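**Student:** Quick one: this structure, given as structure tokens, is what I'll be asking you about.
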Amino acid sequence: MSLFAVVKLSWYQGYVFIAFISYQLFFGCFLGTLLAMKNEQLQHEIYKISWYKLSIPHQKLLQFMLKSAQEPVCLTVIFAPLDMGTFLQVYKSIYSMFTMLLTVQEEE
């Protein structure tokens, strides 16, 4: 709706609103990507541990940590993971709608 208002009515507050929403979307997607990267780093660090030198209780604890780190942890929106790929898809859709609205306005 704000895209329509920006294109049709030259609603300047809409630009601020779109910038604010874009910031929120970017920040959420960036955190989702950062979480996935940190999870991968944790897995790699666990793999580097010389588990065979540990005592049996510590080996079991390490096994538990590895199993829990292997289950992917990610932020999700209802239907998609919240990462930078999703951010780019959403922004491509917004840009497509914006250009469509501009094209329709020019034809009138």
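Residues in the structure tokens are numbered from 1 in each chain, the chains being A, B, ... in the order shown, and ligands are numbered from 1 in the order shown.
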Using only C-alpha atoms, determine which residues lie at most 8 Å from region 60-75 of chain A, disregarding the query and same-chain residues fewer than 4 positions distant; provide the list as an MDAnalysis selection string.
**Tutor:** chainID A and resid 32 35:36 39 42:43 46 51 56 81:83
**Student:** Could you pull out the helix (DSSP H, G or I) residues of region 21-94 of chain A, going by DSSP on the backbone, and write them as a ChimeraX atom specification?
**Tutor:** /A:21-48,51-53,56-70,84-94
**Student:** Counting only C-alpha atoms, which residues in region 7-32 of chain A sit no more than 8 Å from region 86-101 of chain A? For each one, give the nearest pair of atoms and the distance in Å, sorted by chain then residue number, as a Markdown table.
**Tutor:**
```
| residue | atom | partner | partner_atom | distance |
| --- | --- | --- | --- | --- |
| A:Val7 | CA | A:Leu101 | CA | 6.8 |
| A:Leu25 | CA | A:Phe87 | CA | 7.0 |
| A:Phe26 | CA | A:Phe87 | CA | 6.5 |
| A:Cys29 | CA | A:Phe87 | CA | 6.2 |
```
**Student:** Kindly save the residues from that selection, with all heavy atoms included, as a PDB file, in the first residue's frame.
**Tutor:**
```pdb
ATOM      1  N   VAL A   7       3.950   6.094  -5.301  1.00  0.00           N
ATOM      2  CA  VAL A   7       3.907   6.281  -6.752  1.00  0.00           C
ATOM      3  C   VAL A   7       2.751   7.188  -7.161  1.00  0.00           C
ATOM      4  O   VAL A   7       2.915   8.110  -7.950  1.00  0.00           O
ATOM      5  CB  VAL A   7       3.812   4.912  -7.466  1.00  0.00           C
ATOM      6  CG1 VAL A   7       3.534   5.079  -8.941  1.00  0.00           C
ATOM      7  CG2 VAL A   7       5.083   4.121  -7.244  1.00  0.00           C
ATOM      8  N   LEU A  25      13.618  -5.505   7.935  1.00  0.00           N
ATOM      9  CA  LEU A  25      13.741  -6.749   7.185  1.00  0.00           C
ATOM     10  C   LEU A  25      15.203  -7.135   7.022  1.00  0.00           C
ATOM     11  O   LEU A  25      15.577  -8.287   7.220  1.00  0.00           O
ATOM     12  CB  LEU A  25      13.064  -6.610   5.819  1.00  0.00           C
ATOM     13  CG  LEU A  25      13.090  -7.844   4.917  1.00  0.00           C
ATOM     14  CD1 LEU A  25      12.325  -8.986   5.573  1.00  0.00           C
ATOM     15  CD2 LEU A  25      12.501  -7.521   3.567  1.00  0.00           C
ATOM     16  N   PHE A  26      16.060  -6.167   6.696  1.00  0.00           N
ATOM     17  CA  PHE A  26      17.487  -6.449   6.529  1.00  0.00           C
ATOM     18  C   PHE A  26      18.095  -6.939   7.830  1.00  0.00           C
ATOM     19  O   PHE A  26      18.850  -7.907   7.850  1.00  0.00           O
ATOM     20  CB  PHE A  26      18.228  -5.204   6.047  1.00  0.00           C
ATOM     21  CG  PHE A  26      19.714  -5.393   6.022  1.00  0.00           C
ATOM     22  CD1 PHE A  26      20.312  -6.089   4.984  1.00  0.00           C
ATOM     23  CD2 PHE A  26      20.508  -4.895   7.034  1.00  0.00           C
ATOM     24  CE1 PHE A  26      21.682  -6.287   4.958  1.00  0.00           C
ATOM     25  CE2 PHE A  26      21.873  -5.084   7.019  1.00  0.00           C
ATOM     26  CZ  PHE A  26      22.461  -5.786   5.980  1.00  0.00           C
ATOM     27  N   CYS A  29      16.985 -10.526   8.625  1.00  0.00           N
ATOM     28  CA  CYS A  29      17.619 -11.480   7.709  1.00  0.00           C
ATOM     29  C   CYS A  29      19.105 -11.612   7.988  1.00  0.00           C
ATOM     30  O   CYS A  29      19.678 -12.701   7.911  1.00  0.00           O
ATOM     31  CB  CYS A  29      17.385 -11.060   6.259  1.00  0.00           C
ATOM     32  SG  CYS A  29      15.670 -11.227   5.751  1.00  0.00           S
TER      33      CYS A  29
END
```
**Student:** Write out as a ChimeraX atom specification the residues lying within 6 Å of Ser2 (chain A), counting only C-alpha atoms and excluding same-chain residues fewer than 2 positions away.
**Tutor:** /A:4-5,14
